[in-house]
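Pasting final.cif here (mmCIF, C-alpha atoms):
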data_my_file
#
loop_
_atom_site.label_atom_id
_atom_site.label_comp_id
_atom_site.auth_asym_id
_atom_site.auth_seq_id
_atom_site.Cartn_x
_atom_site.Cartn_y
_atom_site.Cartn_z
CA MET A 20 -12.80 -8.96 36.59
CA THR A 21 -9.80 -11.27 36.20
CA PRO A 22 -10.91 -14.90 35.90
CA PRO A 23 -9.54 -17.29 38.51
CA ALA A 24 -6.15 -18.73 37.64
CA THR A 25 -5.73 -22.43 37.04
CA PRO A 26 -4.57 -24.05 40.29
CA VAL A 27 -0.92 -25.05 40.32
CA PRO A 28 -0.79 -28.89 40.11
CA THR A 29 1.55 -29.46 43.03
CA GLY A 30 1.67 -31.29 46.31
CA LEU A 31 3.64 -28.43 47.87
CA ASP A 32 2.08 -26.22 50.56
CA LEU A 33 1.58 -23.18 48.33
CA ALA A 34 0.26 -20.89 51.05
CA ALA A 35 3.12 -21.53 53.47
CA LEU A 36 5.82 -21.31 50.79
CA ALA A 37 4.27 -18.18 49.26
CA ALA A 38 4.36 -16.48 52.66
CA GLU A 39 8.07 -17.30 52.82
CA LEU A 40 8.99 -16.43 49.23
CA GLY A 41 6.86 -13.35 48.57
CA GLY A 42 3.89 -14.61 46.58
CA THR A 43 0.19 -15.04 47.22
CA GLY A 44 -0.24 -18.69 46.21
CA THR A 45 -1.85 -17.63 42.91
CA PRO A 46 0.10 -17.03 39.70
CA VAL A 47 0.28 -13.49 38.28
CA ARG A 48 -0.49 -13.82 34.56
CA TRP A 49 0.77 -10.82 32.61
CA GLU A 50 -1.81 -11.17 29.84
CA GLU A 51 -4.69 -10.92 32.32
CA LEU A 52 -3.55 -7.54 33.71
CA THR A 53 -4.79 -4.18 32.50
CA TRP A 54 -2.14 -1.70 31.43
CA ARG A 55 -2.51 0.14 34.73
CA GLN A 56 -2.12 -3.13 36.64
CA ALA A 57 0.90 -4.00 34.51
CA GLU A 58 2.53 -0.68 35.36
CA THR A 59 1.84 -1.20 39.07
CA THR A 60 3.07 -4.78 38.94
CA ALA A 61 6.22 -3.79 37.09
CA ALA A 62 6.95 -1.12 39.68
CA ALA A 63 6.26 -3.44 42.60
CA ARG A 64 8.17 -6.51 41.44
CA ASP A 65 10.56 -5.08 38.83
CA ALA A 66 10.83 -8.58 37.35
CA VAL A 67 9.09 -10.97 34.98
CA ILE A 68 9.38 -14.64 34.06
CA ILE A 69 9.34 -15.40 30.33
CA PRO A 70 8.71 -19.12 29.64
CA VAL A 71 10.34 -20.32 26.43
CA GLY A 72 9.24 -23.65 25.00
CA ALA A 73 8.90 -25.33 21.63
CA THR A 74 6.43 -26.98 19.29
CA GLU A 75 8.16 -30.15 18.16
CA GLN A 76 7.75 -33.88 17.87
CA HIS A 77 7.94 -35.85 21.12
CA GLY A 78 7.68 -39.40 19.92
CA PRO A 79 4.48 -41.25 19.12
CA HIS A 80 3.00 -40.90 22.62
CA LEU A 81 3.39 -37.22 23.61
CA PRO A 82 1.98 -33.98 22.14
CA LEU A 83 4.04 -31.41 20.27
CA ALA A 84 3.68 -28.90 23.11
CA VAL A 85 5.53 -30.86 25.84
CA ASP A 86 8.36 -28.36 26.30
CA THR A 87 5.97 -25.42 26.43
CA LEU A 88 3.45 -27.11 28.73
CA ILE A 89 5.98 -28.24 31.34
CA CYS A 90 7.94 -24.98 31.30
CA HIS A 91 4.80 -22.86 31.56
CA ALA A 92 3.49 -24.95 34.46
CA VAL A 93 6.75 -24.49 36.36
CA ALA A 94 6.70 -20.75 35.59
CA LEU A 95 3.15 -20.39 36.90
CA GLY A 96 4.08 -22.22 40.07
CA VAL A 97 7.12 -20.01 40.58
CA SER A 98 4.90 -16.97 40.12
CA ALA A 99 2.44 -18.27 42.70
CA LEU A 100 5.25 -18.71 45.22
CA THR A 101 7.19 -15.50 44.50
CA GLY A 102 4.69 -13.00 43.09
CA VAL A 103 6.86 -12.46 39.99
CA PRO A 104 4.50 -12.21 36.99
CA VAL A 105 4.62 -14.67 34.09
CA LEU A 106 4.35 -13.71 30.44
CA PRO A 107 2.52 -15.94 27.94
CA PRO A 108 5.00 -18.60 26.82
CA LEU A 109 7.04 -18.29 23.66
CA SER A 110 5.83 -21.52 22.08
CA PHE A 111 8.16 -21.92 19.09
CA GLY A 112 11.80 -22.82 19.63
CA VAL A 113 15.07 -23.73 17.95
CA SER A 114 13.85 -27.15 16.85
CA ALA A 115 14.95 -27.72 13.24
CA SER A 116 17.41 -30.43 14.31
CA HIS A 117 14.48 -32.82 14.77
CA GLY A 118 14.73 -33.28 11.03
CA ASP A 119 12.05 -35.13 9.13
CA PHE A 120 9.61 -35.94 11.93
CA GLY A 121 6.25 -34.32 11.25
CA GLY A 122 4.66 -31.50 13.21
CA THR A 123 7.70 -29.53 14.33
CA VAL A 124 7.55 -25.75 13.94
CA ALA A 125 11.07 -24.31 14.20
CA LEU A 126 12.65 -20.91 14.54
CA ARG A 127 16.17 -20.18 13.36
CA PRO A 128 18.46 -19.22 16.25
CA GLU A 129 18.71 -15.73 14.78
CA THR A 130 14.91 -15.44 14.84
CA MET A 131 14.71 -16.58 18.45
CA ILE A 132 17.35 -14.02 19.43
CA ALA A 133 15.41 -11.25 17.68
CA VAL A 134 12.10 -12.28 19.27
CA VAL A 135 13.57 -12.34 22.78
CA GLU A 136 15.25 -8.98 22.21
CA ASP A 137 11.97 -7.42 21.05
CA VAL A 138 10.02 -8.85 23.99
CA ILE A 139 12.53 -7.63 26.57
CA ASP A 140 12.97 -4.25 24.88
CA SER A 141 9.19 -3.77 25.15
CA LEU A 142 9.11 -4.75 28.80
CA HIS A 143 12.13 -2.58 29.58
CA ALA A 144 10.27 0.38 28.08
CA SER A 145 7.42 -0.45 30.49
CA GLY A 146 9.75 -0.20 33.46
CA VAL A 147 10.75 -3.81 34.09
CA ARG A 148 14.45 -4.32 34.83
CA GLN A 149 14.84 -8.01 35.74
CA PHE A 150 14.14 -10.80 33.27
CA ILE A 151 14.16 -14.56 33.89
CA LEU A 152 14.12 -16.50 30.63
CA LEU A 153 12.83 -19.89 31.82
CA ASN A 154 13.69 -22.44 29.18
CA GLY A 155 11.95 -25.75 28.49
CA HIS A 156 13.90 -26.88 25.41
CA ILE A 157 17.64 -27.56 25.52
CA TRP A 158 18.37 -26.42 21.95
CA ASN A 159 17.10 -22.94 22.82
CA ASN A 160 20.07 -22.54 25.15
CA GLY A 161 22.49 -20.96 22.70
CA ALA A 162 20.01 -18.41 21.38
CA LEU A 163 18.87 -17.44 24.86
CA ASP A 164 22.43 -17.01 26.11
CA VAL A 165 23.22 -14.76 23.14
CA SER A 166 20.03 -12.76 23.78
CA ALA A 167 20.94 -12.30 27.43
CA GLU A 168 24.44 -11.10 26.53
CA LYS A 169 23.15 -8.60 23.94
CA LEU A 170 20.51 -7.24 26.32
CA ARG A 171 22.94 -6.84 29.23
CA VAL A 172 25.12 -4.73 26.94
CA ARG A 173 22.20 -2.69 25.57
CA HIS A 174 20.48 -2.02 28.89
CA ARG A 175 23.02 -1.29 31.59
CA ASP A 176 20.25 -1.10 34.18
CA ALA A 177 18.82 -4.55 33.34
CA ARG A 178 19.53 -8.02 34.67
CA VAL A 179 18.85 -10.97 32.36
CA ARG A 180 19.31 -14.67 33.16
CA ALA A 181 18.45 -17.66 31.01
CA LEU A 182 17.99 -20.95 32.85
CA GLY A 183 16.26 -24.27 32.39
CA TYR A 184 13.44 -25.29 34.68
CA VAL A 185 15.69 -28.08 36.02
CA THR A 186 18.79 -25.88 36.38
CA MET A 187 18.51 -25.21 40.09
CA TYR A 188 19.34 -28.72 41.22
CA PRO A 189 22.25 -30.90 40.06
CA GLY A 190 21.83 -32.52 36.66
CA PRO A 191 22.81 -36.00 37.88
CA GLU A 192 19.84 -35.88 40.23
CA VAL A 193 17.38 -35.66 37.32
CA ASP A 194 15.90 -39.16 37.14
CA GLY A 195 15.41 -39.51 33.42
CA HIS A 196 16.73 -43.07 33.01
CA VAL A 197 19.20 -41.66 30.48
CA ARG A 198 22.72 -43.10 30.66
CA TYR A 199 24.33 -41.16 27.83
CA GLY A 200 23.84 -38.07 25.70
CA ARG A 201 24.95 -35.62 28.42
CA ALA A 202 21.62 -36.05 30.20
CA LEU A 203 19.65 -35.27 27.02
CA MET A 204 15.98 -35.84 27.75
CA HIS A 205 13.45 -36.07 24.98
CA ALA A 206 10.07 -37.80 25.23
CA ASN A 207 11.76 -40.03 27.80
CA PHE A 208 10.95 -41.42 31.25
CA PHE A 209 11.27 -37.98 32.88
CA GLU A 210 9.19 -35.96 30.41
CA THR A 211 6.58 -38.69 30.09
CA SER A 212 6.21 -38.93 33.88
CA VAL A 213 5.86 -35.16 34.27
CA MET A 214 3.28 -35.06 31.48
CA LEU A 215 1.35 -37.89 33.14
CA HIS A 216 1.22 -35.66 36.22
CA LEU A 217 0.33 -32.42 34.41
CA HIS A 218 -1.72 -33.54 31.39
CA PRO A 219 -2.51 -37.27 31.47
CA GLU A 220 -5.26 -36.70 28.91
CA LEU A 221 -2.58 -35.84 26.32
CA VAL A 222 -0.37 -38.88 26.91
CA ARG A 223 -0.86 -42.00 24.78
CA MET A 224 0.88 -44.64 26.84
CA ASP A 225 -0.40 -47.38 24.54
CA GLN A 226 1.95 -45.93 21.91
CA ALA A 227 4.92 -45.32 24.20
CA THR A 228 8.27 -46.68 23.09
CA SER A 229 11.81 -46.50 24.43
CA HIS A 230 15.15 -45.86 22.79
CA ILE A 231 18.52 -47.19 23.92
CA ASP A 232 20.64 -44.06 24.18
CA VAL A 233 24.30 -44.44 23.24
CA ASP A 234 27.46 -42.55 24.12
CA SER A 235 28.43 -39.88 21.59
CA PHE A 236 30.80 -36.93 21.35
CA TRP A 237 28.78 -35.20 18.61
CA ASP A 238 25.26 -33.85 18.58
CA TYR A 239 23.05 -35.15 15.77
CA ARG A 240 19.68 -34.47 14.23
CA MET A 241 17.09 -36.46 16.12
CA ASP A 242 16.11 -38.38 13.00
CA GLN A 243 19.72 -39.59 12.72
CA VAL A 244 19.76 -41.25 16.14
CA SER A 245 16.16 -42.28 16.82
CA GLU A 246 13.57 -43.87 14.57
CA THR A 247 10.69 -42.82 16.86
CA GLY A 248 11.79 -39.38 18.07
CA VAL A 249 12.34 -40.72 21.61
CA TRP A 250 15.70 -40.52 23.41
CA GLY A 251 15.71 -42.53 26.61
CA ARG A 252 15.06 -45.84 28.26
CA ASP A 253 12.15 -47.29 30.24
CA VAL A 254 9.52 -44.92 28.89
CA THR A 255 6.76 -47.45 29.49
CA ASP A 256 7.68 -47.36 33.21
CA ALA A 257 6.82 -43.66 33.47
CA ASP A 258 4.22 -42.80 36.10
CA ALA A 259 2.41 -39.74 37.39
CA GLY A 260 3.68 -40.10 40.94
CA HIS A 261 7.29 -39.82 39.82
CA GLY A 262 6.34 -36.94 37.53
CA GLY A 263 4.68 -35.08 40.40
CA ARG A 264 7.74 -35.40 42.59
CA GLU A 265 10.05 -34.17 39.83
CA PHE A 266 7.69 -31.30 39.03
CA ASP A 267 7.56 -30.22 42.67
CA ARG A 268 11.34 -30.25 42.92
CA CYS A 269 11.71 -28.17 39.74
CA LEU A 270 9.11 -25.73 41.03
CA LEU A 271 10.51 -25.34 44.53
CA THR A 272 14.18 -25.04 43.62
CA THR A 273 13.43 -22.53 40.86
CA ALA A 274 11.10 -20.50 43.09
CA ARG A 275 13.69 -20.25 45.85
CA ALA A 276 16.30 -19.10 43.33
CA VAL A 277 13.99 -16.50 41.75
CA SER A 278 12.82 -15.17 45.12
CA ALA A 279 16.44 -14.56 46.14
CA ALA A 280 17.45 -13.26 42.70
CA VAL A 281 14.93 -10.43 42.50
CA ARG A 282 16.16 -9.18 45.88
CA GLU A 283 19.85 -9.57 45.14
CA PRO A 284 21.77 -6.30 45.60
CA TRP A 285 23.39 -4.82 42.54
CA PRO A 286 27.20 -4.88 42.56
CA ASP A 287 28.73 -2.07 44.57
CA PRO A 288 30.76 0.02 42.09
CA THR A 289 33.23 0.85 44.84
CA HIS A 290 33.94 -2.82 45.51
CA ARG A 291 37.15 -4.31 44.20
CA PRO A 292 38.09 -7.93 44.94
CA GLY A 293 40.99 -8.09 47.32
CA ALA A 294 40.72 -4.48 48.43
CA PRO A 295 41.37 -3.91 52.13
CA ALA A 296 38.26 -3.62 54.27
#
Step by step, read the file and then write its structure as structure tokens.
Amino acid sequence: MTPPATPVPTGLDLAALAAELGGTGTPVRWEELTWRQAETTAAARDAVIIPVGATEQHGPHLPLAVDTLICHAVALGVSALTGVPVLPPLSFGVSASHGDFGGTVALRPETMIAVVEDVIDSLHASGVRQFILLNGHIWNNGALDVSAEKLRVRHRDARVRALGYVTMYPGPEVDGHVRYGRALMHANFFETSVMLHLHPELVRMDQATSHIDVDSFWDYRMDQVSETGVWGRDVTDADAGHGGREFDRCLLTTARAVSAAVREPWPDPTHRPGAPA
């Protein structure tokens, strides 16, 4: 018997939204299915969510697993609302640019690409044809985009999209108290608030510190621009209420996008832009 799933930590009306978006209100965890259930689920939904996080330093006050924990929580909520199953998160990311801070476990971009290809090749062989790579760590972006491009070429009957868990609403609306760095968020007001909502027991607010972000054209190793591993202002002002509101918005906007995406018609091969009706 499958053990009960962990409740989604949200103030949203899961039952009402699930009825609208195709889910049951409970996440579908791929690793808890039997192989027969996985085959049935793959046939019924024809889609999976693959959370991709990282294990890397997040300042003196947050755990190494921040990117994985937040991304996985959003993925589980999206699954509860849409019925699209969630794979166990990929917990190592492209993180070497954190430099000399302790604790980080990094994959080379080439390794990340190979891992994602192997995971999706396996799922494709099981009958899945739609893959949402839900990313929780900005420096994974390049590797995930390359993976998606390679897989679209390899599997002509597959659809692959890599997106961040905050992608589905405008970046300027993300309240991270970051003025510069192209909205770079790391161990900042936003992440700290969301972690206070999701896992307050892992947050050490007595050790929280802020960093005055500066304008820059170039990207740098984190240890070149921050002495604490934090990028962002007002970290000590972070609070769980703000984190809950941001989490709910990430969850709802992503769930609406995924619900529509898995039902999106494939392009009509007879269609040509500009052709007469």
- Query: At most 7 Å from (6.9, -10.5, 34.3), file frame, only C-alpha atoms: which residues, as a list in words?
  - Reply: Trp49, Ala66, Val67, Ile68, Ile69, Val103, Pro104, Val105 and Leu106 of chain A
- Query: Residues picked by the PyMOL selection byres ((chain A and resi 216) around 6) here, as number ranges by chain?
  - Reply: A: 213-215, 217, 259, 262-263
- Evaluate the PyMOL selection byres ((chain A and resi 74-91) around 7) on the structure here and hand back the selected residues as a VMD selection string. chain A and resid 70 to 73 92 to 95 108 110 to 112 114 120 to 124 154 to 156 184 205 to 206 221 to 224 226 to 227 247 to 249
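Once Arg264 of chain A and its same-chain neighbours fewer than 4 positions away are set aside, A:Pro28, A:Thr29, A:Gly30, A:Leu31, A:Val193, A:Asp194, A:Phe209, A:Ser212, A:Val213, A:Met214, A:Leu215, A:His216, A:Leu217, A:Asp258, A:Ala259, A:Gly260, A:Arg268, A:Cys269, A:Leu270, A:Leu271 remain within 12 Å of it when counting only C-alpha atoms.
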Any chance you can output those residues with C-alpha atoms as a short mmCIF file (atom, residue, chain, number, x, y, z; two decimals), keeping the file's coordinate frame?
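Written output follows (selection11.cif):
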data_model
loop_
_atom_site.label_atom_id
_atom_site.label_comp_id
_atom_site.auth_asym_id
_atom_site.auth_seq_id
_atom_site.Cartn_x
_atom_site.Cartn_y
_atom_site.Cartn_z
CA PRO A 28 -0.79 -28.89 40.11
CA THR A 29 1.55 -29.46 43.03
CA GLY A 30 1.67 -31.29 46.31
CA LEU A 31 3.64 -28.43 47.87
CA VAL A 193 17.38 -35.66 37.32
CA ASP A 194 15.90 -39.16 37.14
CA PHE A 209 11.27 -37.98 32.88
CA SER A 212 6.21 -38.93 33.88
CA VAL A 213 5.86 -35.16 34.27
CA MET A 214 3.28 -35.06 31.48
CA LEU A 215 1.35 -37.89 33.14
CA HIS A 216 1.22 -35.66 36.22
CA LEU A 217 0.33 -32.42 34.41
CA ASP A 258 4.22 -42.80 36.10
CA ALA A 259 2.41 -39.74 37.39
CA GLY A 260 3.68 -40.10 40.94
CA ARG A 268 11.34 -30.25 42.92
CA CYS A 269 11.71 -28.17 39.74
CA LEU A 270 9.11 -25.73 41.03
CA LEU A 271 10.51 -25.34 44.53
#
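Distance annotation: of A:Tyr188, A:Phe266, A:Trp158, A:Trp237, the residue with the minimal separation from His117 of chain A is A:Trp158; atom set is all atoms listed in the file.
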- Can you list what the PyMOL selection byres ((chain A and resi 165) around 12) grabs from this structure, as a PyMOL selection string? chain A and resi 128-133+135-136+152+159-164+166-172+179-181
- Could you tell me how far atom CA of Phe150 of chain A lies from atom CA of Ala279 of chain A, in Å and to one decimal? 13.6 Å
Report, as JSON, the centre and edge lengths in Å (one decimal) of the axis-aligned box enclosing every listed atom of segment 154-170 of chain A, padded by 6 Å on each side.
{"center_x": 18.2, "center_y": -17.4, "center_z": 25.3, "size_x": 24.5, "size_y": 32.3, "size_z": 19.8}
- Task: Mind giving me the straight-line distance from atom CA of Val185 of chain A to atom CA of Glu246 of chain A in Å, one decimal?
- Result: 26.7 Å
- By how many Å are atom CA of Asp137 of chain A and atom CA of Arg173 of chain A apart? 12.1 Å
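The shortest atom-to-atom distance to Gly102 of chain A, with all atoms listed in the file taken into account, belongs to A:Ser278 out of A:Ser278, A:Thr272, A:Thr59, A:Thr289.
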- Message: With all atoms listed in the file as the counted atoms, please give the residues lying no more than 7 Å from His230 of chain A, apart from itself and same-chain residues fewer than 2 positions off, as number ranges by chain.
- Response: A: 228, 232, 249-252
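Counting only C-alpha atoms, the residue from A:Ala61, A:Val277, A:Leu126, A:Met241 that sits nearest to Leu182 of chain A is A:Val277.
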- Can you work out which one of A:Leu36, A:Ser116, A:Thr186, A:Asp176 has the shortest atom-to-atom distance to Tyr239 of chain A, counting all atoms listed in the file? A:Ser116
